[in-house]
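One file, start.txt, is given below (compact mmCIF, C-alpha atoms and all ligand atoms).
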```txt
# COMPACT_ATOMS: atom_id res chain seq x y z
CA MET A 1450 -38.65 99.43 -107.32
CA GLU A 1451 -36.53 97.13 -105.19
CA GLN A 1452 -37.35 97.52 -101.54
CA THR A 1453 -36.66 95.78 -98.25
CA GLN A 1454 -38.57 96.03 -94.99
CA ALA A 1455 -37.74 95.00 -91.43
CA SER A 1456 -39.33 95.73 -88.09
CA ALA A 1457 -38.55 95.46 -84.39
CA PRO A 1458 -40.90 95.40 -81.38
CA GLY A 1459 -41.20 97.66 -78.38
CA LYS A 1460 -39.93 96.37 -75.05
CA ILE A 1461 -40.62 96.38 -71.35
CA ILE A 1462 -38.18 95.86 -68.53
CA LEU A 1463 -39.82 93.28 -66.27
CA PHE A 1464 -37.15 93.45 -63.55
CA GLY A 1465 -33.92 95.29 -62.85
CA GLU A 1466 -33.90 98.62 -64.73
CA HIS A 1467 -31.15 101.01 -63.61
CA ALA A 1468 -29.39 98.31 -61.55
CA VAL A 1469 -28.60 96.64 -64.91
CA VAL A 1470 -26.42 99.63 -65.86
CA TYR A 1471 -24.21 98.70 -62.86
CA GLY A 1472 -23.77 95.03 -63.78
CA GLN A 1473 -26.78 93.50 -62.04
CA PRO A 1474 -29.00 90.98 -63.88
CA ALA A 1475 -32.24 92.20 -65.41
CA ILE A 1476 -35.11 90.72 -67.42
CA ALA A 1477 -36.79 92.33 -70.42
CA ALA A 1478 -39.50 91.17 -72.80
CA PRO A 1479 -40.62 92.26 -76.27
CA VAL A 1480 -43.94 94.06 -76.72
CA THR A 1481 -45.01 92.93 -80.15
CA GLN A 1482 -48.18 95.04 -80.46
CA VAL A 1483 -46.10 98.16 -81.03
CA ARG A 1484 -43.35 98.16 -83.63
CA ALA A 1485 -40.86 100.25 -85.55
CA THR A 1486 -40.80 99.43 -89.25
CA VAL A 1487 -38.16 100.56 -91.71
CA THR A 1488 -38.40 100.37 -95.49
CA ILE A 1489 -35.36 100.78 -97.73
CA ALA A 1490 -36.02 101.60 -101.39
CA ASN A 1491 -33.66 102.25 -104.26
CA SER A 1492 -34.21 105.73 -105.68
CA GLU A 1493 -32.89 107.94 -108.48
CA PRO A 1494 -31.12 110.89 -106.85
CA ALA A 1495 -27.65 110.51 -105.38
CA GLY A 1496 -27.44 110.37 -101.59
CA VAL A 1497 -29.48 108.77 -98.83
CA ARG A 1498 -32.86 110.33 -98.02
CA LEU A 1499 -34.13 109.76 -94.46
CA ILE A 1500 -37.90 110.05 -94.02
CA ALA A 1501 -39.91 109.79 -90.79
CA PRO A 1502 -43.50 110.56 -91.90
CA ASP A 1503 -44.96 110.23 -88.37
CA LEU A 1504 -42.61 112.97 -87.17
CA GLY A 1505 -43.04 115.06 -90.34
CA LYS A 1506 -39.31 114.83 -91.03
CA ALA A 1507 -37.40 114.31 -94.31
CA TYR A 1508 -33.72 115.13 -94.82
CA TRP A 1509 -30.56 113.98 -96.54
CA LEU A 1510 -27.97 111.94 -94.67
CA THR A 1511 -25.37 114.62 -95.40
CA GLU A 1512 -27.58 117.27 -93.73
CA ALA A 1513 -28.27 115.25 -90.57
CA GLN A 1514 -27.36 116.73 -87.22
CA GLU A 1515 -24.38 115.33 -85.36
CA HIS A 1516 -26.37 113.18 -82.94
CA ASP A 1517 -29.15 112.12 -85.31
CA PRO A 1518 -29.85 108.45 -84.45
CA LEU A 1519 -31.09 107.48 -87.94
CA ALA A 1520 -27.99 108.93 -89.56
CA ARG A 1521 -25.80 107.21 -86.97
CA ALA A 1522 -27.42 103.84 -87.78
CA VAL A 1523 -26.86 104.34 -91.53
CA ARG A 1524 -23.23 105.37 -90.95
CA LEU A 1525 -22.63 102.30 -88.79
CA VAL A 1526 -23.90 100.06 -91.59
CA GLU A 1527 -21.67 101.92 -94.05
CA GLU A 1528 -18.69 101.29 -91.76
CA ALA A 1529 -19.57 97.63 -91.20
CA THR A 1530 -20.00 96.98 -94.93
CA GLY A 1531 -17.15 99.23 -96.06
CA SER A 1532 -19.45 100.99 -98.53
CA THR A 1533 -20.81 104.47 -99.16
CA LEU A 1534 -24.54 104.33 -99.67
CA SER A 1535 -26.38 106.38 -102.26
CA GLN A 1536 -29.58 106.38 -104.33
CA MET A 1537 -31.55 105.08 -101.40
CA THR A 1538 -34.58 106.15 -99.38
CA VAL A 1539 -34.93 105.05 -95.76
CA THR A 1540 -38.49 105.40 -94.43
CA VAL A 1541 -39.08 104.95 -90.70
CA ARG A 1542 -42.51 104.39 -89.18
CA SER A 1543 -43.24 103.53 -85.59
CA THR A 1544 -46.23 102.87 -83.39
CA ILE A 1545 -44.02 102.85 -80.27
CA PRO A 1546 -44.60 105.97 -78.18
CA ILE A 1547 -41.43 108.05 -77.83
CA ALA A 1548 -39.75 108.66 -74.44
CA SER A 1549 -42.18 106.38 -72.62
CA GLY A 1550 -39.89 103.51 -71.61
CA LEU A 1551 -41.00 101.21 -74.44
CA GLY A 1552 -37.68 101.24 -76.28
CA SER A 1553 -38.66 103.23 -79.36
CA GLY A 1554 -35.07 104.36 -80.02
CA ALA A 1555 -33.65 100.85 -79.78
CA ALA A 1556 -36.40 99.36 -81.96
CA THR A 1557 -35.96 102.00 -84.67
CA ALA A 1558 -32.21 101.42 -84.73
CA ALA A 1559 -32.61 97.62 -84.85
CA ALA A 1560 -35.22 97.76 -87.64
CA LEU A 1561 -33.12 100.18 -89.69
CA ILE A 1562 -29.92 98.14 -89.33
CA ARG A 1563 -31.72 94.89 -90.18
CA ALA A 1564 -33.50 96.37 -93.20
CA LEU A 1565 -30.38 98.01 -94.56
CA THR A 1566 -28.04 95.03 -94.10
CA ARG A 1567 -30.65 92.75 -95.75
CA HIS A 1568 -31.12 95.25 -98.58
CA LEU A 1569 -27.37 95.11 -99.17
CA SER A 1570 -27.57 91.27 -99.09
CA ARG A 1571 -25.30 91.22 -96.04
CA GLN A 1572 -27.16 88.46 -94.17
CA ASP A 1573 -24.03 87.99 -92.05
CA LEU A 1574 -24.68 91.45 -90.53
CA ALA A 1575 -28.46 90.94 -90.24
CA SER A 1576 -28.25 88.26 -87.48
CA ASP A 1577 -29.75 89.03 -84.06
CA GLU A 1578 -26.26 89.25 -82.57
CA GLN A 1579 -24.93 91.69 -85.20
CA VAL A 1580 -28.07 93.85 -85.22
CA CYS A 1581 -27.89 93.97 -81.43
CA ALA A 1582 -24.23 95.07 -81.48
CA LEU A 1583 -24.76 97.87 -84.03
CA ALA A 1584 -27.98 99.08 -82.37
CA TYR A 1585 -26.01 99.35 -79.10
CA GLU A 1586 -23.76 101.94 -80.75
CA VAL A 1587 -26.87 103.98 -81.66
CA GLU A 1588 -28.22 103.63 -78.11
CA LYS A 1589 -25.19 105.54 -76.86
CA ILE A 1590 -26.72 108.66 -78.45
CA HIS A 1591 -29.85 108.27 -76.31
CA HIS A 1592 -27.80 108.03 -73.16
CA GLY A 1593 -24.10 107.82 -72.51
CA THR A 1594 -24.00 104.57 -70.54
CA PRO A 1595 -26.65 102.20 -71.88
CA SER A 1596 -26.57 98.75 -70.33
CA GLY A 1597 -27.41 97.19 -73.70
CA ILE A 1598 -30.60 95.47 -72.52
CA ASP A 1599 -32.95 97.51 -74.74
CA ASN A 1600 -31.15 96.83 -78.03
CA THR A 1601 -30.76 93.17 -76.99
CA VAL A 1602 -34.43 92.43 -76.33
CA VAL A 1603 -35.64 94.19 -79.49
CA ALA A 1604 -33.01 92.49 -81.66
CA TYR A 1605 -33.68 88.98 -80.26
CA GLU A 1606 -37.44 89.56 -79.91
CA GLN A 1607 -37.63 87.10 -76.97
CA PRO A 1608 -37.72 87.40 -73.18
CA VAL A 1609 -34.10 87.81 -72.16
CA TYR A 1610 -32.05 87.51 -68.98
CA PHE A 1611 -29.25 90.02 -69.35
CA VAL A 1612 -26.10 90.95 -67.47
CA ARG A 1613 -23.86 93.81 -68.60
CA GLN A 1614 -20.32 92.50 -68.28
CA GLU A 1615 -16.88 92.49 -69.89
CA PRO A 1616 -15.68 91.25 -72.29
CA LYS A 1617 -19.12 90.16 -73.49
CA ASN A 1618 -22.59 90.75 -72.05
CA LEU A 1619 -24.46 87.70 -70.81
CA ILE A 1620 -27.52 87.34 -73.05
CA GLU A 1621 -29.82 84.44 -72.24
CA PRO A 1622 -33.08 84.35 -74.19
CA PHE A 1623 -35.30 82.00 -72.18
CA ALA A 1624 -38.69 80.33 -72.27
CA ILE A 1625 -41.30 81.20 -69.67
CA ALA A 1626 -43.52 78.44 -68.35
CA ALA A 1627 -46.92 80.17 -68.39
CA PRO A 1628 -48.04 83.21 -70.42
CA LEU A 1629 -47.74 86.45 -68.49
CA HIS A 1630 -50.76 88.72 -68.82
CA LEU A 1631 -49.68 92.31 -68.45
CA LEU A 1632 -51.29 95.69 -68.74
CA ILE A 1633 -49.05 98.50 -69.86
CA ALA A 1634 -50.31 101.92 -68.81
CA ASP A 1635 -48.85 105.21 -69.94
CA THR A 1636 -48.70 108.14 -67.50
CA GLY A 1637 -48.61 110.47 -70.50
CA VAL A 1638 -45.52 112.08 -68.96
CA ARG A 1639 -42.54 111.98 -71.32
CA SER A 1640 -39.21 111.27 -69.68
CA ALA A 1641 -35.76 111.19 -71.29
CA THR A 1642 -33.77 108.07 -70.32
CA ARG A 1643 -30.57 110.13 -70.58
CA HIS A 1644 -31.65 112.47 -67.77
CA VAL A 1645 -32.91 109.80 -65.41
CA VAL A 1646 -29.87 107.53 -65.91
CA GLY A 1647 -27.57 110.55 -65.44
CA ASP A 1648 -29.34 111.50 -62.24
CA VAL A 1649 -29.05 107.98 -60.81
CA ARG A 1650 -25.33 108.09 -61.65
CA ARG A 1651 -24.89 111.35 -59.75
CA GLN A 1652 -26.66 109.90 -56.72
CA TRP A 1653 -24.55 106.71 -56.92
CA GLN A 1654 -21.37 108.82 -57.04
CA ALA A 1655 -22.48 110.70 -53.92
CA GLU A 1656 -23.66 107.61 -52.00
CA ARG A 1657 -21.96 104.60 -53.50
CA ALA A 1658 -22.52 102.06 -50.74
CA ARG A 1659 -26.23 102.80 -50.39
CA PHE A 1660 -26.87 102.70 -54.13
CA GLU A 1661 -24.84 99.55 -54.66
CA GLU A 1662 -26.86 97.80 -51.96
CA MET A 1663 -30.06 98.83 -53.74
CA PHE A 1664 -28.72 97.67 -57.11
CA ALA A 1665 -27.71 94.31 -55.59
CA ALA A 1666 -31.20 93.91 -54.09
CA CYS A 1667 -32.70 94.49 -57.57
CA GLY A 1668 -30.26 91.92 -58.99
CA ARG A 1669 -31.43 89.33 -56.47
CA ILE A 1670 -35.04 90.11 -57.40
CA ALA A 1671 -34.25 89.58 -61.11
CA GLN A 1672 -32.64 86.22 -60.32
CA ALA A 1673 -35.62 85.11 -58.24
CA ALA A 1674 -37.94 86.34 -61.00
CA ARG A 1675 -36.21 84.20 -63.58
CA THR A 1676 -36.81 81.12 -61.42
CA ALA A 1677 -40.47 82.15 -60.97
CA LEU A 1678 -40.89 82.77 -64.72
CA GLU A 1679 -39.43 79.36 -65.53
CA ALA A 1680 -41.76 77.77 -62.96
CA GLY A 1681 -44.86 79.75 -64.03
CA ASP A 1682 -45.28 81.10 -60.49
CA VAL A 1683 -47.31 84.29 -61.12
CA MET A 1684 -48.06 84.97 -57.44
CA GLU A 1685 -44.34 85.11 -56.69
CA LEU A 1686 -43.75 87.29 -59.77
CA GLY A 1687 -46.34 89.81 -58.60
CA ALA A 1688 -44.69 90.05 -55.18
CA LEU A 1689 -41.27 90.49 -56.81
CA MET A 1690 -42.61 93.32 -59.02
CA ASP A 1691 -43.89 95.13 -55.92
CA GLU A 1692 -40.54 94.65 -54.21
CA ASN A 1693 -38.64 95.93 -57.25
CA GLN A 1694 -40.88 99.01 -57.34
CA GLN A 1695 -39.92 99.84 -53.73
CA TRP A 1696 -36.24 99.93 -54.67
CA LEU A 1697 -36.97 102.06 -57.74
CA GLU A 1698 -38.80 104.52 -55.49
CA ALA A 1699 -35.79 104.60 -53.17
CA MET A 1700 -33.62 105.42 -56.21
CA THR A 1701 -36.00 108.37 -56.87
CA VAL A 1702 -36.89 107.21 -60.39
CA SER A 1703 -40.60 106.80 -59.69
CA SER A 1704 -43.13 109.66 -59.79
CA ALA A 1705 -46.50 110.61 -58.34
CA GLU A 1706 -48.22 109.74 -61.64
CA LEU A 1707 -46.59 106.31 -61.79
CA GLU A 1708 -47.38 105.57 -58.16
CA LYS A 1709 -51.01 106.54 -58.59
CA LEU A 1710 -51.40 104.03 -61.44
CA ILE A 1711 -49.42 101.36 -59.57
CA ALA A 1712 -51.59 101.72 -56.44
CA THR A 1713 -54.76 101.71 -58.57
CA ALA A 1714 -53.75 98.51 -60.35
CA ARG A 1715 -52.97 96.73 -57.09
CA THR A 1716 -56.25 97.81 -55.47
CA ALA A 1717 -58.17 96.66 -58.56
CA GLY A 1718 -56.68 93.16 -58.25
CA ALA A 1719 -53.33 93.16 -60.06
CA LEU A 1720 -50.89 90.60 -58.64
CA GLY A 1721 -48.10 93.17 -58.74
CA ALA A 1722 -47.16 96.41 -60.46
CA LYS A 1723 -44.11 98.55 -61.10
CA LEU A 1724 -42.71 101.22 -63.37
CA SER A 1725 -40.89 99.91 -66.44
CA GLY A 1726 -37.86 101.50 -68.08
CA ALA A 1727 -36.11 104.64 -66.94
CA GLY A 1728 -39.07 105.98 -64.91
CA ARG A 1729 -40.05 109.52 -63.78
CA GLY A 1730 -42.83 109.18 -66.34
CA GLY A 1731 -43.47 106.79 -69.19
CA ASN A 1732 -45.14 103.46 -68.53
CA MET A 1733 -45.99 101.21 -65.63
CA ILE A 1734 -46.76 97.50 -65.95
CA ALA A 1735 -49.31 95.50 -63.97
CA LEU A 1736 -49.44 91.71 -63.75
CA VAL A 1737 -53.03 90.54 -64.13
CA THR A 1738 -54.95 87.35 -64.91
CA PRO A 1739 -57.47 86.85 -67.73
CA GLU A 1740 -60.14 87.25 -65.00
CA THR A 1741 -58.88 90.58 -63.57
CA GLN A 1742 -57.61 92.12 -66.81
CA THR A 1743 -60.78 94.06 -67.69
CA SER A 1744 -61.44 95.47 -64.23
CA VAL A 1745 -57.81 96.54 -63.71
CA ARG A 1746 -57.78 98.15 -67.15
CA GLN A 1747 -60.96 100.09 -66.40
CA ALA A 1748 -59.58 101.23 -63.04
CA LEU A 1749 -56.37 102.46 -64.71
CA ILE A 1750 -58.30 104.45 -67.29
CA LYS A 1751 -60.49 105.94 -64.56
CA ALA A 1752 -57.36 106.89 -62.61
CA GLY A 1753 -56.18 108.96 -65.58
CA ALA A 1754 -53.91 106.62 -67.54
CA PHE A 1755 -53.16 108.20 -70.89
CA ASP A 1756 -53.29 104.85 -72.65
CA VAL A 1757 -53.60 101.24 -71.47
CA PHE A 1758 -52.96 98.16 -73.54
CA ALA A 1759 -52.72 94.47 -72.81
CA SER A 1760 -49.64 92.49 -73.70
CA THR A 1761 -49.04 88.78 -73.22
CA VAL A 1762 -45.46 87.67 -72.75
CA GLU A 1763 -44.96 84.02 -73.78
C1 LIG B 1801 -34.08 101.65 -69.90
O1 LIG B 1801 -35.00 100.89 -70.65
C2 LIG B 1801 -33.41 100.77 -68.89
C3 LIG B 1801 -32.36 101.48 -68.02
O2 LIG B 1801 -31.88 100.48 -67.12
C4 LIG B 1801 -31.23 102.05 -68.83
C5 LIG B 1801 -30.33 100.99 -69.46
O3 LIG B 1801 -30.39 99.83 -69.08
O4 LIG B 1801 -29.53 101.37 -70.33
C6 LIG B 1801 -32.99 102.60 -67.20
```
What would the structure in this file look like if it were written as structure tokens?
Ligand code: MEV
Amino acid sequence: MEQTQASAPGKIILFGEHAVVYGQPAIAAPVTQVRATVTIANSEPAGVRLIAPDLGKAYWLTEAQEHDPLARAVRLVEEATGSTLSQMTVTVRSTIPIASGLGSGAATAAALIRALTRHLSRQDLASDEQVCALAYEVEKIHHGTPSGIDNTVVAYEQPVYFVRQEPKNLIEPFAIAAPLHLLIADTGVRSATRHVVGDVRRQWQAERARFEEMFAACGRIAQAARTALEAGDVMELGALMDENQQWLEAMTVSSAELEKLIATARTAGALGAKLSGAGRGGNMIALVTPETQTSVRQALIKAGAFDVFASTVE
């Protein structure tokens, strides 16, 4: 049976979540330990069968609900290739926790689009740039005004400096000077990006000047962080993470659970810590060194982290 597989990593936002929706620079990095993997296989029956074994779901494309992200991704590939797909099974597996800020939706979309375009021998549509553009259309289902940073970092699978802008987003994959040792700790609280982003928008509409000042401050932090990443200055990066967290708290996207883990990590020796992604739950990240990694990890587990894993960004 002819089959094609592609995968995409999870992601973390290192600096600038939320502010990035309003045109400020932000930095994201892939998390390669967790991945979404999509397999496309030719099959006998007419139609496209969508299967997500981890979620216990199997359905036909024609039966999919209006806002089903898998169906949307398949339809986008149909549109891009000018074809109607049939006799195909699309199987989606993912080790990326859902609604935790690790980009599971973006990674699934990117893996599906890459697998399907390759399966159809449309290498021209399987490039990072094309996969990124189509996955962005799927992201709109997850929330109405995505900045595009999540689909970009999972499609390029490299640290990326990103600015949402017209007519074309600024996407600068860049090299960092020294590996960044991070711990990613899950609060265990699920949080829908759509709700948090919508809530920030309502607050911005009510208090534009104050929110725009906060967004601009986060933008300046992201710019300084890029310089520090390119210079390998981890002390500076830790301080910038702490500063970014303060602004995220002021935007009301933090939570008691996140702040408990952030404070724990700092006390246990992390150089800096912040929430990552939409917030109000999901994951926090702590910058550690090979020497402090074990003790910070143990402290996070003791403080009630649902899950903690180490990730090195290089
Ligand atoms: C989510 O990973 C990052 C947010 O800034 C939303 C977005 O950029 O679309 C919260």
When distances are computed from only C-alpha atoms and all ligand atoms, which of A:Gly1472, A:Gly1552, A:Gly1496, A:Gly1721 shows the smallest separation from ligand LIG 1801 (chain B)?
->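 Nearest to ligand LIG 1801 (chain B): A:Gly1552.
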Throw together the list of residues within 9 Å of ligand LIG 1801 (chain B), counting all atoms listed in the file, and drop it here as a ChimeraX atom specification.
-> /A:1460-1462,1465-1471,1475,1477,1550-1552,1588-1589,1592-1599,1613,1642-1643,1645-1646,1725-1728
Which centre and which edge lengths, in Å to one decimal, describe the axis-aligned box that holds all listed atoms of region 1505-1513 of chain A after 6 Å is added on each side, as AutoDock Vina command-line options?
```
--center_x -34.2 --center_y 114.6 --center_z -93.4 --size_x 29.7 --size_y 17.3 --size_z 18.2
```
Can you work out which one of A:Gly1718, A:Ala1641, A:Phe1755, A:Ala1584 has the shortest atom-to-atom distance to Glu1740 (chain A), counting only C-alpha atoms?
-> A:Gly1718
To one decimal place, how far is CA of Gln1652 (chain A) from CA of Trp1696 (chain A) in Å?
-> 14.0 Å
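Shortest atom-to-atom contact with Ser1549 (chain A) among A:Val1649, A:Ala1522, A:Ala1634, A:Ala1714: A:Ala1634, counting all atoms listed in the file.
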Might you pull out every residue within 9 Å of Gln1454 (chain A), with all atoms listed in the file counted and same-chain residues fewer than 6 positions away left off, and present them as a ChimeraX atom specification?
-> /A:1486-1490,1560-1561,1563-1565,1567-1568
Using only C-alpha atoms, please write the residues we just selected to a file, as a PDB file, keeping the file's coordinate frame.
```pdb
ATOM      1  CA  THR A1486     -40.800  99.430 -89.250  1.00  0.00           C
ATOM      2  CA  VAL A1487     -38.160 100.560 -91.710  1.00  0.00           C
ATOM      3  CA  THR A1488     -38.400 100.370 -95.490  1.00  0.00           C
ATOM      4  CA  ILE A1489     -35.360 100.780 -97.730  1.00  0.00           C
ATOM      5  CA  ALA A1490     -36.020 101.600-101.390  1.00  0.00           C
ATOM      6  CA  ALA A1560     -35.220  97.760 -87.640  1.00  0.00           C
ATOM      7  CA  LEU A1561     -33.120 100.180 -89.690  1.00  0.00           C
ATOM      8  CA  ARG A1563     -31.720  94.890 -90.180  1.00  0.00           C
ATOM      9  CA  ALA A1564     -33.500  96.370 -93.200  1.00  0.00           C
ATOM     10  CA  LEU A1565     -30.380  98.010 -94.560  1.00  0.00           C
ATOM     11  CA  ARG A1567     -30.650  92.750 -95.750  1.00  0.00           C
ATOM     12  CA  HIS A1568     -31.120  95.250 -98.580  1.00  0.00           C
TER      13      HIS A1568
END
```
Atomic separation - CA of Ala1722 (chain A) relative to CA of Leu1736 (chain A), Å | 6.2 Å
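Here CA of Leu1724 (chain A) is placed at a distance of 12.9 Å from CA of Gly1687 (chain A).
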Region 1532-1543 of chain A surroundings by only C-alpha atoms, 8 Å radius, close-in-sequence under 6 positions cut, as an mmCIF file with C-alpha atoms, in the coordinates of the input:
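Output contents, as saved in selection-v6.cif:
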```
data_model
loop_
_atom_site.group_PDB
_atom_site.id
_atom_site.type_symbol
_atom_site.label_atom_id
_atom_site.label_comp_id
_atom_site.auth_asym_id
_atom_site.auth_seq_id
_atom_site.Cartn_x
_atom_site.Cartn_y
_atom_site.Cartn_z
ATOM 1 C CA VAL A 1483 -46.100 98.160 -81.030
ATOM 2 C CA ARG A 1484 -43.350 98.160 -83.630
ATOM 3 C CA ALA A 1485 -40.860 100.250 -85.550
ATOM 4 C CA THR A 1486 -40.800 99.430 -89.250
ATOM 5 C CA VAL A 1487 -38.160 100.560 -91.710
ATOM 6 C CA THR A 1488 -38.400 100.370 -95.490
ATOM 7 C CA ILE A 1489 -35.360 100.780 -97.730
ATOM 8 C CA ALA A 1490 -36.020 101.600 -101.390
ATOM 9 C CA ASN A 1491 -33.660 102.250 -104.260
ATOM 10 C CA SER A 1492 -34.210 105.730 -105.680
ATOM 11 C CA GLU A 1493 -32.890 107.940 -108.480
ATOM 12 C CA PRO A 1494 -31.120 110.890 -106.850
ATOM 13 C CA ALA A 1495 -27.650 110.510 -105.380
ATOM 14 C CA GLY A 1496 -27.440 110.370 -101.590
ATOM 15 C CA VAL A 1497 -29.480 108.770 -98.830
ATOM 16 C CA ARG A 1498 -32.860 110.330 -98.020
ATOM 17 C CA LEU A 1499 -34.130 109.760 -94.460
ATOM 18 C CA ILE A 1500 -37.900 110.050 -94.020
ATOM 19 C CA ALA A 1501 -39.910 109.790 -90.790
ATOM 20 C CA PRO A 1502 -43.500 110.560 -91.900
ATOM 21 C CA ASP A 1503 -44.960 110.230 -88.370
ATOM 22 C CA SER A 1553 -38.660 103.230 -79.360
ATOM 23 C CA THR A 1557 -35.960 102.000 -84.670
ATOM 24 C CA LEU A 1561 -33.120 100.180 -89.690
#
```
Measuring atom to atom with only C-alpha atoms, identify which of A:Ala1457, A:Lys1751, A:His1516, A:Leu1629 is nearest to Cys1581 (chain A).
->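 Closest to Cys1581 (chain A), using only C-alpha atoms: A:Ala1457.
In terms of minimum interatomic distance to Phe1464 (chain A), A:Asp1691 ranks closest within A:Glu1698, A:Glu1708, A:Glu1528, A:Asp1691, counting all atoms listed in the file.
Between Pro1479 (chain A) and the candidates A:Val1603, A:Ala1699, A:Val1612, A:Ala1759, the tightest atom-to-atom separation, counting all atoms listed in the file, involves A:Val1603.
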